[in-house]
Amino acid sequence: MKKLSKIYTALIIFFMYMPIVVLILFSFNDGKTMVWKGFTLNWYTDLFKDSQIINSLWNTLMIAFLASLFATALGTMAAIGINNFKGKKRIFLQNASNIEILSPDIVTGVSLMLMFTLAGVAFNFKMGFLTVLLAHITFCTPYVVLNVLPRIRHMDYSVYEAALDLGCNQWQAFRKVVIHELMPGMFSGFLMSFTFSMDDFVITYFTRGASFQTLSIQIYTMTHQRISPKINALSALMFVVVLVLMVIINIKDRKLEKQNVQKAL
Amino acid sequence: MKKTKNDIIVSLKDIFVEFDGEVILNHINLDIKDKEFLTILGPSGCGKTTTLRIIGGFLQPKQGDIMFDGENINGLPPHKRNVNTVFQKYSLFPHLNVFDNIAFGMRIKKVPKDEIKKRVKEMLSIVDLKGYEKRSVAKLSGGQQQRVAIARALVCDPKVLLLDEPLGALDLKLRKNMQWELKQIQQKTNTTFVYVTHDQEEALTMSDTIVVMNNGVIEQIGTPTDVYNEPVNAFVADFIGDANILNGIMIDDCRVKVLGEELECVDKGFGQNTPVDIVIRPEDIEIVKPEQAKLVGEVTEVVFKGVHYEMTVMCKGCEWIIHSTECAPVGSKVGMKIIPFNIQIMNKMFLAEKNTFYAEVISSSKEENRITVSVEDCEFDIENQYFEQGTKIAVTLPPNALSIAGDGVGHINDVYIESVIFKGEHNEIILESDKQKWLMESDVDEQVATYVPLKFDFTKAEFKVVEGEYET
């Protein structure tokens with residue numbers, strides 16, 4: 001029985017990760033077809049010589065970084081606000097935030113596109129970097145709320161009062177004490193936002209306008225033209241970055257859990 | 001020291017606080033003298049922490065004035081008040097080490113670095129934590145964290161230090177140590193301490209002045225000796241120390257009747273034939289031969305407590321507790337001699353001996369011999385009584401006709417238990433509903449400051465028709 005369950009788990013992992021492993025493997029293949037012809041790093045060097053791809057990479061990182069930053073600030077403020085409500089109002093606001101996470105990307109993407117088009121007509125602007133950034137901030141903020149809210153709830157309120165008592169005004173107390181208590185939640189929220197922003201295709205597709213390119217869009221357009229192993233190299237890199245971020249989040253969470261266990265003891 | 005006006009550092013005037021219609025502080029007045037160790041003592045829910053939070057500025061009273069050093073500080077935020085607080089859960093900043101925790105307040109006030117260093121060092125030696133600067137606060141023991149919290153507050157040089165049950169989380173031995181240390185620190189730093197606790201022993205040990213609170217009001221303010229020896233009422237006598245509390249009748253000045261016996265006392269001015277409460281401390285009763293005392297009883301239990309024996313004596317249906325270094329064996333008849341000075345007479349907390357409530361008959365049935373009445377927004381039936389619909393009636397119930405509904409369904413719900421005092425035979429419980437107070441006798445120990453459903457036994461009730469308007 002135990003053996004069977006092990007085999008079962010192995011199979012699941014195999015089918016989940018096999019395609020990615022193949023992709024990474026063939027990003028080192030010295031040939032353009034799916035036949036192994038020897039090891040090479042050419043696709044990676046080509047990748048970094050391609051100014052279009054570098055431009056997309058830069059856009060992606062820029063959007064991910066800025067969106068996470070704004071989302072962290074907005075999400076933290078929202079979480080504090082939600083926490084100050086009581087009863088039904090709090091539950092309503094919390095759900096309003098969570099629904100954004102649960103709703104399909106395509107719905108978010110299309111609705112944002114409609115809004116930006118309407119706003120674009122009214123205020124005379126075109127979709128591009130700014131609209132993609134706004135869209136990403138919109139879908140990242142709920143993740144920050146999700147991460148920060150439990151920290152606030154578990155925070156000892158009297159620590160904030162102690163800061164006031166020792167001479168802080170409300171802003172100082174927040175900056176010098178409360179923010180340190182919320183930091184782990186904010187950090188997880190930031191990393192999660194960063195990952196999801198980098199990962200996003202659908203919402204970006206609908207809000208990018210005519211010319212703005214991110215990596216996922218780039219890959220998509222490349223598959224239209226001619227399948228190049230550069231795509232494999234690019235996808236492999238993206239996968240590795242996301243993987244690293246996920247590992248960091250997990251380690252961070254593990255540490256927090258340990259801390260909490262110690263506190264409880 | 002002469003009590004001049006300048007000696008008063010904090011003064012609370014007519015403070016009134018309520019949350020969601022529930023009164024927390026009911027017009028309290030309190031003067032705190034400069035450099036004294038004042039303890040606010042009371043059961044949980046009595047409003048003591050609220051009082052502290054008002055002085056600290058974390059809570060604004062609905063009515064009343066807070067004076068600090070002669071100036072009105074209503075509405076002044078906590079960071080602008082010259083007081084500091086030691087919180088119940090210490091509330092140290094977990095991301096800072098011991099040094100940074102203590103330096104926190106001074107850094108906010110932009111004190112020069114050298115001076116911060118010097119003062120933190122001084123403070124650490126006062127709280128006996130020399131060399132702990134670099135330690136993480138999370139790794140300190142409860143007692144050490146407590147001392148860091150005290151140092152962090154005291155280093156700001158407040159005129160008044162507020163302490164909210166700071167020793168509550170410590171074990172007994174550490175608590176005793178810390179009591180002594182706190183008193184030392186208070187004397188060394190020459191600061192006014194306002195200390196909140198529910199532990200009467202702690203209050204007696206450390207304080208210059210004790211403020212006894214119950215149900216949002218101050219019952220008594222006095223030195224530890226005063227509140228112990230001269231409690232103003234049965235609640236204070238019961239809350240502080242062990243006590244025999246009994247019902248009595250003040251026949252005249254210096255003459256009181258207890259359990260049918262007339263005893264001599266020293267209190268005057270209660271009038272003639274006035275019902276009073278009497279408190280006699282267990283150590284003030286001398287055991288003598290039966291023929292030498294008016295009160296004679298039988299020893300039912302003896303417990304050796306180290307310093308003394310604790311004996312329970314049944315005398316005329318009442319339980320008495322006696323502390324004595326001499327032991328009388330169980331079953332023996334003893335006389336209880338009390339010198340007049342040790343009999344403390346107190347006004348009754350609740351004067352009426354019976355409960356009367358007024359009700360309107362909202363419907364009635366002659367065939368079933370039953371009426372439905374409405375009292376304080378509650379409606380209920382009374383069997384075996386008939387009055388016409390619309391009649392106003394007064395119902396009088398003796399204390400033993402009241403009980404707390406075990407099944408949770410009472411005639412009047414959400415009645416607040418204000419005090420529970422053992423009076424030798426049974427508990428005397430004072431309850432408060434929306435419109436009136438109630439006196440109840442019970443053999444069950446009820447929890448003070450809780451809400452319970454109250455039930456009446458109408459077979460013991462007297463009914464009277466009230467003409468015209470009635471007062472409630």
# chains A, B, ... in the order shown; residues from 1 in each chain; ligands from 1
$ interface_residues --of "chain B" --to "chain A" --cutoff "6 Å" --atoms "only C-alpha atoms" --output "list in words"
Pro78, His79, Asn84, Ser91 and Gly105 of chain B
$ write_last_selection --atoms "N, CA and C atoms" --output "short mmCIF file (atom, residue, chain, number, x, y, z; two decimals), in the first residue's frame"
data_model
loop_
_atom_site.label_atom_id
_atom_site.label_comp_id
_atom_site.auth_asym_id
_atom_site.auth_seq_id
_atom_site.Cartn_x
_atom_site.Cartn_y
_atom_site.Cartn_z
N PRO B 78 -2.10 60.63 24.11
CA PRO B 78 -1.16 59.99 25.03
C PRO B 78 0.28 60.52 24.91
N HIS B 79 0.73 60.79 23.66
CA HIS B 79 2.14 61.15 23.52
C HIS B 79 2.45 62.53 24.04
N ASN B 84 3.53 57.56 31.75
CA ASN B 84 3.88 56.39 30.95
C ASN B 84 3.22 55.17 31.54
N SER B 91 4.04 44.25 26.27
CA SER B 91 4.03 44.96 25.00
C SER B 91 5.38 45.54 24.62
N GLY B 105 11.68 55.68 23.70
CA GLY B 105 11.01 56.93 24.06
C GLY B 105 11.93 58.13 23.96
#
$ residues_around --residues "Tyr220 of chain A" --least-positions-apart "4" --cutoff "10 Å" --atoms "only C-alpha atoms" --output "CSV table (one decimal) with C-alpha atoms, in the first residue's frame"
chain,number,residue,atom,x,y,z
A,201,PHE,CA,-0.7,36.9,-19.8
A,205,TYR,CA,-3.0,40.9,-23.3
A,214,THR,CA,6.0,41.9,-22.0
A,215,LEU,CA,7.7,38.5,-22.0
A,216,SER,CA,4.6,36.4,-22.0
A,224,HIS,CA,2.7,32.8,-34.2
A,225,GLN,CA,5.6,33.4,-36.5
A,231,ILE,CA,11.2,30.6,-26.7
$ residues_around --residues "Leu163 of chain B" --least-positions-apart "6" --cutoff "6 Å" --atoms "only C-alpha atoms" --output "number ranges by chain"
B: 85-86, 195
$ write_last_selection --atoms "C-alpha atoms" --output "PDB file, in the first residue's frame"
ATOM      1  CA  THR B  85       2.277  52.988  31.094  1.00  0.00           C
ATOM      2  CA  VAL B  86       3.451  49.481  31.864  1.00  0.00           C
ATOM      3  CA  TYR B 195      -1.122  50.438  40.099  1.00  0.00           C
TER       4      TYR B 195
END
$ residues_around --residues "Val415 of chain B" --least-positions-apart "3" --cutoff "10 Å" --atoms "only C-alpha atoms" --output "short mmCIF file (atom, residue, chain, number, x, y, z; two decimals) with C-alpha atoms, in the first residue's frame"
data_model
loop_
_atom_site.label_atom_id
_atom_site.label_comp_id
_atom_site.auth_asym_id
_atom_site.auth_seq_id
_atom_site.Cartn_x
_atom_site.Cartn_y
_atom_site.Cartn_z
CA ILE B 404 -31.12 32.68 39.30
CA GLY B 410 -35.92 34.03 33.98
CA ILE B 412 -36.25 39.34 34.07
CA GLU B 418 -23.18 43.64 41.74
CA LEU B 431 -28.42 42.49 41.70
CA GLU B 432 -29.14 45.35 39.39
CA SER B 433 -31.68 45.41 36.57
CA ASP B 434 -32.45 48.35 34.30
CA GLN B 436 -33.89 48.85 40.27
CA LYS B 437 -31.69 46.85 42.61
CA TRP B 438 -32.60 43.50 44.07
CA ALA B 449 -19.95 41.20 37.42
CA THR B 450 -21.86 38.76 35.24
CA TYR B 451 -25.34 38.96 33.74
CA VAL B 452 -27.91 36.37 34.76
CA PRO B 453 -31.63 35.67 34.33
CA LEU B 454 -33.59 36.40 37.50
#
$ closest_residue --among "A:Phe174, A:Phe70, A:Phe125, A:Phe85" --to "Phe139 of chain A" --atoms "only C-alpha atoms"
A:Phe70
$ residues_around --residues "Phe206 of chain A" --least-positions-apart "5" --cutoff "7 Å" --atoms "only C-alpha atoms" --output "ChimeraX atom specification"
/A:109-110,113
$ write_last_selection --atoms "N, CA and C atoms" --output "short mmCIF file (atom, residue, chain, number, x, y, z; two decimals), in the first residue's frame"
data_model
loop_
_atom_site.label_atom_id
_atom_site.label_comp_id
_atom_site.auth_asym_id
_atom_site.auth_seq_id
_atom_site.Cartn_x
_atom_site.Cartn_y
_atom_site.Cartn_z
N GLY A 109 -9.57 40.98 -17.22
CA GLY A 109 -8.90 41.57 -18.37
C GLY A 109 -9.85 42.34 -19.27
N VAL A 110 -10.95 41.68 -19.64
CA VAL A 110 -11.90 42.31 -20.56
C VAL A 110 -12.53 43.55 -19.92
N MET A 113 -10.13 46.32 -19.87
CA MET A 113 -9.94 46.85 -21.22
C MET A 113 -11.06 47.82 -21.58
#
$ residues_around --residues "segment 224-238 of chain B" --least-positions-apart "2" --cutoff "9 Å" --atoms "only C-alpha atoms" --output "ChimeraX atom specification"
/B:203-214,219-222,240-246,277-279,281,342,344-349,419-422
$ write_last_selection --atoms "C-alpha atoms" --output "PDB file, in the first residue's frame"
ATOM      1  CA  ALA B 203      -2.502  46.032  47.194  1.00  0.00           C
ATOM      2  CA  LEU B 204      -1.984  45.758  50.956  1.00  0.00           C
ATOM      3  CA  THR B 205       1.737  45.004  50.573  1.00  0.00           C
ATOM      4  CA  MET B 206       2.766  47.804  48.241  1.00  0.00           C
ATOM      5  CA  SER B 207       0.406  50.743  48.489  1.00  0.00           C
ATOM      6  CA  ASP B 208       0.369  54.040  50.303  1.00  0.00           C
ATOM      7  CA  THR B 209      -3.245  54.461  49.264  1.00  0.00           C
ATOM      8  CA  ILE B 210      -5.778  51.884  48.136  1.00  0.00           C
ATOM      9  CA  VAL B 211      -8.798  52.745  46.020  1.00  0.00           C
ATOM     10  CA  VAL B 212     -11.396  49.984  46.144  1.00  0.00           C
ATOM     11  CA  MET B 213     -13.670  49.926  43.106  1.00  0.00           C
ATOM     12  CA  ASN B 214     -16.764  47.928  42.272  1.00  0.00           C
ATOM     13  CA  GLU B 219     -16.289  52.225  47.286  1.00  0.00           C
ATOM     14  CA  GLN B 220     -13.467  53.428  49.523  1.00  0.00           C
ATOM     15  CA  ILE B 221     -10.191  55.335  49.429  1.00  0.00           C
ATOM     16  CA  GLY B 222      -7.739  54.922  52.284  1.00  0.00           C
ATOM     17  CA  ILE B 240      -9.955  42.676  51.399  1.00  0.00           C
ATOM     18  CA  GLY B 241      -8.829  39.922  53.712  1.00  0.00           C
ATOM     19  CA  ASP B 242     -10.919  37.237  55.416  1.00  0.00           C
ATOM     20  CA  ALA B 243     -13.919  38.481  57.304  1.00  0.00           C
ATOM     21  CA  ASN B 244     -17.009  37.402  59.184  1.00  0.00           C
ATOM     22  CA  ILE B 245     -19.771  39.577  57.816  1.00  0.00           C
ATOM     23  CA  LEU B 246     -23.151  39.455  59.532  1.00  0.00           C
ATOM     24  CA  ASP B 277     -23.656  45.137  58.364  1.00  0.00           C
ATOM     25  CA  ILE B 278     -21.075  44.015  60.877  1.00  0.00           C
ATOM     26  CA  VAL B 279     -17.560  42.855  60.110  1.00  0.00           C
ATOM     27  CA  ARG B 281     -11.902  39.866  61.322  1.00  0.00           C
ATOM     28  CA  ASN B 342     -12.850  45.060  66.896  1.00  0.00           C
ATOM     29  CA  GLN B 344     -16.757  47.250  62.786  1.00  0.00           C
ATOM     30  CA  ILE B 345     -20.219  48.607  61.983  1.00  0.00           C
ATOM     31  CA  MET B 346     -21.057  49.516  58.374  1.00  0.00           C
ATOM     32  CA  ASN B 347     -24.033  50.959  56.597  1.00  0.00           C
ATOM     33  CA  LYS B 348     -25.923  48.424  54.539  1.00  0.00           C
ATOM     34  CA  MET B 349     -25.129  48.547  50.840  1.00  0.00           C
ATOM     35  CA  SER B 419     -21.921  41.848  44.838  1.00  0.00           C
ATOM     36  CA  VAL B 420     -21.959  38.442  46.494  1.00  0.00           C
ATOM     37  CA  ILE B 421     -21.285  38.405  50.216  1.00  0.00           C
ATOM     38  CA  PHE B 422     -21.358  35.427  52.531  1.00  0.00           C
TER      39      PHE B 422
END
$ residues_around --residues "Leu191 of chain A" --least-positions-apart "6" --cutoff "10 Å" --atoms "only C-alpha atoms" --output "list in words"
Ala64, Phe65, Ser68, Leu69, Thr72, Tyr143, Val144, Ser197, Val242, Leu245, Met246, Ile248 and Ile249 of chain A
$ select_by_dssp --residues "segment 129-326 of chain B" --states "strand (DSSP E or B)" --output "ChimeraX atom specification"
/B:136,160-164,192-197,209-214,217-222,244-252,255-258,261-264,274-280,286-288,295-304,309-315,318-324
